[in-house]
>>> print(open('target-v4.cif').read())   # mmCIF, C-alpha atoms
data_work
loop_
_atom_site.label_atom_id
_atom_site.label_comp_id
_atom_site.auth_asym_id
_atom_site.auth_seq_id
_atom_site.Cartn_x
_atom_site.Cartn_y
_atom_site.Cartn_z
CA MET I 112 -62.60 -20.84 9.80
CA ILE I 113 -63.36 -24.49 9.13
CA ILE I 114 -60.38 -26.58 8.08
CA THR I 115 -61.02 -29.85 6.31
CA GLU I 116 -58.96 -32.96 6.99
CA CYS I 117 -57.23 -32.43 3.68
CA GLU I 118 -56.17 -28.92 4.68
CA GLU I 119 -55.06 -30.10 8.11
CA GLU I 120 -53.00 -32.85 6.54
CA ARG I 121 -51.44 -30.42 4.07
CA LEU I 122 -50.52 -28.08 6.93
CA ALA I 123 -49.09 -30.97 8.95
CA TYR I 124 -46.84 -32.00 6.07
CA TYR I 125 -45.84 -28.38 5.46
CA TYR I 126 -44.60 -28.04 9.05
CA ILE I 127 -42.97 -31.46 8.94
CA GLU I 128 -41.02 -30.51 5.81
CA ASN I 129 -40.04 -27.22 7.41
CA SER I 130 -38.78 -28.98 10.54
CA LEU I 131 -36.76 -31.43 8.46
CA PHE I 132 -34.70 -28.66 6.92
CA ARG I 133 -34.23 -27.00 10.30
CA ILE I 134 -32.95 -30.23 11.85
CA SER I 135 -30.60 -30.71 8.93
CA SER I 136 -29.26 -27.23 9.68
CA LEU I 137 -28.75 -28.21 13.33
CA TRP I 138 -26.53 -31.13 12.27
CA ASP I 139 -24.51 -28.69 10.15
CA ILE I 140 -24.25 -26.31 13.12
CA LEU I 141 -23.01 -29.18 15.29
CA ALA I 142 -20.24 -29.86 12.77
CA GLN I 143 -19.37 -26.13 12.70
CA LEU I 144 -19.12 -26.09 16.50
CA PHE I 145 -16.84 -29.13 16.50
CA CYS I 146 -14.60 -27.43 13.95
CA LEU I 147 -14.43 -24.31 16.11
CA TYR I 148 -13.80 -26.16 19.35
CA TYR I 149 -11.19 -28.57 17.98
CA ASN I 150 -9.67 -25.89 15.74
CA ILE I 151 -10.22 -27.92 12.59
CA LYS I 152 -9.34 -25.74 9.62
CA ILE I 153 -12.06 -26.53 7.10
CA PRO I 154 -13.57 -23.75 4.99
CA THR I 155 -17.12 -23.10 6.14
CA ASN I 156 -18.66 -24.18 2.85
CA ASP I 157 -16.77 -27.53 2.98
CA ILE I 158 -17.97 -28.63 6.42
CA TYR I 159 -20.28 -31.61 6.07
CA TYR I 160 -21.39 -33.33 9.24
CA ASN I 161 -21.67 -36.72 7.56
CA LYS I 162 -18.02 -36.46 6.52
CA LEU I 163 -16.64 -34.82 9.66
CA PHE I 164 -18.03 -37.46 12.01
CA ASN I 165 -17.21 -40.42 9.74
CA GLN I 166 -13.62 -41.51 10.32
CA GLU I 167 -13.81 -43.81 7.31
CA ARG I 168 -13.72 -40.68 5.11
CA LYS I 169 -9.92 -40.79 5.17
CA ASP I 170 -9.58 -38.49 2.15
CA TYR I 171 -11.57 -35.78 3.98
CA TYR I 172 -9.57 -36.32 7.18
CA ARG I 173 -6.25 -36.13 5.31
CA LYS I 174 -7.26 -33.13 3.21
CA TYR I 175 -8.03 -31.08 6.32
CA SER I 176 -5.37 -32.65 8.61
CA ILE I 177 -8.01 -33.78 11.07
CA TYR I 178 -5.70 -36.57 12.25
CA LYS I 179 -3.24 -33.91 13.44
CA ILE I 180 -5.55 -31.80 15.58
CA LYS I 181 -4.91 -31.35 19.26
CA ASN I 182 -7.11 -33.72 21.28
CA PHE I 183 -7.68 -35.97 18.25
CA GLU I 184 -8.43 -38.99 20.46
CA GLU I 185 -11.18 -37.07 22.26
CA PHE I 186 -12.58 -35.84 18.95
CA LYS I 187 -12.35 -39.35 17.47
CA GLU I 188 -14.38 -40.85 20.32
CA GLN I 189 -17.13 -38.24 20.04
CA ALA I 190 -17.16 -38.46 16.24
CA HIS I 191 -17.49 -42.24 16.49
CA ASN I 192 -20.48 -41.93 18.85
CA ILE I 193 -22.19 -39.39 16.59
CA ASN I 194 -21.47 -41.40 13.45
CA SER I 195 -22.85 -44.54 15.10
CA TYR I 196 -26.09 -42.68 15.74
CA LEU I 197 -26.19 -41.23 12.21
CA ASN I 198 -25.89 -44.70 10.68
CA GLN I 199 -28.10 -46.78 12.97
CA LYS I 200 -30.13 -49.47 11.25
CA ASP I 201 -33.84 -48.78 11.11
CA ASN I 202 -35.81 -50.36 13.96
CA THR I 203 -39.23 -49.08 14.95
CA GLN I 204 -40.20 -52.22 16.87
CA LEU I 205 -38.86 -50.78 20.12
CA GLU I 206 -40.44 -49.19 23.14
CA GLY I 207 -39.21 -45.64 23.59
CA GLU I 208 -36.73 -44.14 21.15
CA TRP I 209 -36.62 -45.80 17.74
CA LYS I 210 -33.35 -46.62 16.00
CA GLY I 211 -32.37 -45.28 12.60
CA ASN I 212 -34.32 -42.04 12.87
CA HIS I 213 -31.61 -39.88 11.35
CA ARG I 214 -31.00 -42.16 8.37
CA TYR I 215 -34.72 -42.41 7.75
CA ILE I 216 -35.46 -38.70 7.81
CA ASN I 217 -32.26 -37.82 5.94
CA LYS I 218 -33.27 -40.22 3.17
CA TRP I 219 -36.77 -38.74 3.28
CA ARG I 220 -35.41 -35.18 3.05
CA ASN I 221 -33.15 -36.11 0.13
CA LYS I 222 -36.05 -37.74 -1.66
CA MET I 223 -38.12 -34.62 -1.11
CA THR I 224 -35.31 -32.41 -2.39
CA HIS I 225 -34.21 -34.44 -5.39
CA ARG I 226 -37.32 -36.30 -6.54
CA ASN I 227 -40.97 -36.23 -5.61
CA SER I 228 -42.38 -35.18 -2.30
CA PRO I 229 -42.62 -38.25 -0.07
CA ASN I 230 -45.80 -36.68 1.26
CA ILE I 231 -47.63 -37.60 -1.91
CA THR I 232 -48.57 -41.15 -2.82
CA THR I 233 -47.15 -41.76 -6.31
CA MET I 234 -46.55 -44.58 -8.74
CA SER I 235 -44.31 -44.09 -11.74
CA ASP I 236 -41.62 -45.87 -13.76
CA TYR I 237 -38.91 -44.83 -11.31
CA ASP I 238 -40.70 -44.56 -7.98
CA LEU I 239 -43.41 -46.12 -5.87
CA ASN I 240 -44.17 -44.01 -2.84
CA PHE I 241 -46.75 -44.35 -0.10
CA LYS I 242 -46.74 -41.37 2.20
CA SER I 243 -46.10 -41.87 5.89
CA HIS I 244 -48.62 -40.73 8.46
CA PRO I 245 -47.75 -37.34 10.01
CA THR I 246 -47.50 -38.78 13.54
CA TYR I 247 -45.00 -41.39 12.32
CA MET I 248 -42.87 -38.63 10.81
CA LEU I 249 -43.22 -36.40 13.87
CA LYS I 250 -41.97 -39.12 16.22
CA ARG I 251 -38.89 -39.70 14.09
CA ILE I 252 -38.20 -35.99 13.62
CA ILE I 253 -38.64 -35.17 17.31
CA GLU I 254 -36.30 -37.97 18.34
CA ASP I 255 -33.63 -36.86 15.85
CA TYR I 256 -34.05 -33.27 17.07
CA SER I 257 -33.60 -34.45 20.65
CA VAL I 258 -30.34 -36.23 19.81
CA VAL I 259 -28.77 -33.36 17.86
CA SER I 260 -29.86 -30.89 20.56
CA LYS I 261 -28.12 -32.96 23.24
CA TYR I 262 -24.89 -33.04 21.21
CA ILE I 263 -25.07 -29.27 20.64
CA ASP I 264 -25.76 -28.69 24.34
CA LYS I 265 -22.78 -30.84 25.29
CA ILE I 266 -20.29 -29.08 22.98
CA LEU I 267 -21.58 -25.62 23.99
CA ASN I 268 -21.24 -26.48 27.68
CA THR I 269 -17.70 -27.71 27.05
CA ILE I 270 -16.83 -24.49 25.20
CA GLU I 271 -18.36 -22.39 27.98
CA ALA I 272 -16.50 -24.30 30.71
CA GLU I 273 -13.18 -23.80 28.93
CA TYR I 274 -13.92 -20.13 28.35
CA ILE I 275 -14.70 -19.61 32.04
CA LYS I 276 -11.55 -21.50 33.00
CA ASP I 277 -9.47 -19.31 30.67
CA ILE I 278 -10.77 -16.01 32.06
CA LYS I 279 -10.14 -16.95 35.69
#
>>> encode(input="target-v4.cif", output="structure tokens")
Amino acid sequence: MIITECEEERLAYYYIENSLFRISSLWDILAQLFCLYYNIKIPTNDIYYNKLFNQERKDYYRKYSIYKIKNFEEFKEQAHNINSYLNQKDNTQLEGEWKGNHRYINKWRNKMTHRNSPNITTMSDYDLNFKSHPTYMLKRIIEDYSVVSKYIDKILNTIEAEYIKDIK
């Protein structure tokens, strides 16, 4: 089967879009794990990672008594680190890991969900969009995936260590 560049590009963007939604789910899973570990009583459908890790969302913290949880200081420090990553300013002029990956791809995902696909070059009254090259998107997505995976690994290892300690 011969695949033209156009078909290859379409497939690349298909898999990129798919990975974006999977990474978004990983951030939600991370928030769920934090709620389980720190015994934060938030209904499952009200857990939003961008609210849970943002201590400036005082209404959210008060509503779910997050300030009163056991080990709040530990939670607060980790939430601050995660929130700092989530809100990094965009900087791709670096060697190695770029800054602002999460904000960039989250904005890109929201645009894809609520407007036009950012994978299509468009000009209209409300939007001017030039699609990004697939390798540019892949670098940003892979780096965001790497960060969320490390946070998930860390919380799961902490949960496992406490579980082992409790059964001994």
>>> residues_around(input="target-v4.cif", residues="I:Tyr274", least_positions_apart="6", cutoff="12 Å", atoms="all atoms listed in the file", output="PyMOL selection string")
chain I and resi 148+267-268
>>> resolve_selection(input="target-v4.cif", expression="the PyMOL selection byres ((chain I and resi 186-192) around 9)", output="mmCIF file with C-alpha atoms, keeping the file's coordinate frame")
data_model
loop_
_atom_site.group_PDB
_atom_site.id
_atom_site.type_symbol
_atom_site.label_atom_id
_atom_site.label_comp_id
_atom_site.auth_asym_id
_atom_site.auth_seq_id
_atom_site.Cartn_x
_atom_site.Cartn_y
_atom_site.Cartn_z
ATOM 1 C CA PHE I 145 -16.840 -29.130 16.500
ATOM 2 C CA TYR I 149 -11.190 -28.570 17.980
ATOM 3 C CA LEU I 163 -16.640 -34.820 9.660
ATOM 4 C CA PHE I 164 -18.030 -37.460 12.010
ATOM 5 C CA ASN I 165 -17.210 -40.420 9.740
ATOM 6 C CA GLN I 166 -13.620 -41.510 10.320
ATOM 7 C CA TYR I 178 -5.700 -36.570 12.250
ATOM 8 C CA ILE I 180 -5.550 -31.800 15.580
ATOM 9 C CA LYS I 181 -4.910 -31.350 19.260
ATOM 10 C CA ASN I 182 -7.110 -33.720 21.280
ATOM 11 C CA PHE I 183 -7.680 -35.970 18.250
ATOM 12 C CA GLU I 184 -8.430 -38.990 20.460
ATOM 13 C CA GLU I 185 -11.180 -37.070 22.260
ATOM 14 C CA ILE I 193 -22.190 -39.390 16.590
ATOM 15 C CA ASN I 194 -21.470 -41.400 13.450
ATOM 16 C CA SER I 195 -22.850 -44.540 15.100
ATOM 17 C CA TYR I 196 -26.090 -42.680 15.740
ATOM 18 C CA LEU I 197 -26.190 -41.230 12.210
#
>>> resolve_selection(input="target-v4.cif", expression="the PyMOL selection byres ((chain I and resi 248) around 12)", output="count of residues only")
32
>>> atom_distance(input="target-v4.cif", atom1="atom CA of I:Cys146", atom2="atom CA of I:Asp264")
15.3 Å
>>> closest_residue(input="target-v4.cif", among="I:Asn221, I:Lys179, I:Tyr256, I:Asn161", to="I:Glu208", atoms="all atoms listed in the file")
I:Tyr256
>>> residues_around(input="target-v4.cif", residues="I:Ile140", least_positions_apart="2", cutoff="10 Å", atoms="only C-alpha atoms", output="list in words")
Ile134, Ser135, Ser136, Leu137, Trp138, Ala142, Gln143, Leu144, Phe145, Cys146, Ile158, Tyr159, Tyr160, Val259 and Ile263 of chain I
>>> write_last_selection(input="target-v4.cif", atoms="C-alpha atoms", output="JSON list (two decimals), in the coordinates of the input")
[["chain", "number", "residue", "atom", "x", "y", "z"],
["I", 134, "ILE", "CA", -32.95, -30.23, 11.85],
["I", 135, "SER", "CA", -30.60, -30.71, 8.93],
["I", 136, "SER", "CA", -29.26, -27.23, 9.68],
["I", 137, "LEU", "CA", -28.75, -28.21, 13.33],
["I", 138, "TRP", "CA", -26.53, -31.13, 12.27],
["I", 142, "ALA", "CA", -20.24, -29.86, 12.77],
["I", 143, "GLN", "CA", -19.37, -26.13, 12.70],
["I", 144, "LEU", "CA", -19.12, -26.09, 16.50],
["I", 145, "PHE", "CA", -16.84, -29.13, 16.50],
["I", 146, "CYS", "CA", -14.60, -27.43, 13.95],
["I", 158, "ILE", "CA", -17.97, -28.63, 6.42],
["I", 159, "TYR", "CA", -20.28, -31.61, 6.07],
["I", 160, "TYR", "CA", -21.39, -33.33, 9.24],
["I", 259, "VAL", "CA", -28.77, -33.36, 17.86],
["I", 263, "ILE", "CA", -25.07, -29.27, 20.64]]
>>> atom_distance(input="target-v4.cif", atom1="atom CA of I:Arg168", atom2="atom CA of I:Asn198")
14.0 Å
>>> atom_distance(input="target-v4.cif", atom1="atom CA of I:Lys265", atom2="atom CA of I:Asp139")
15.4 Å
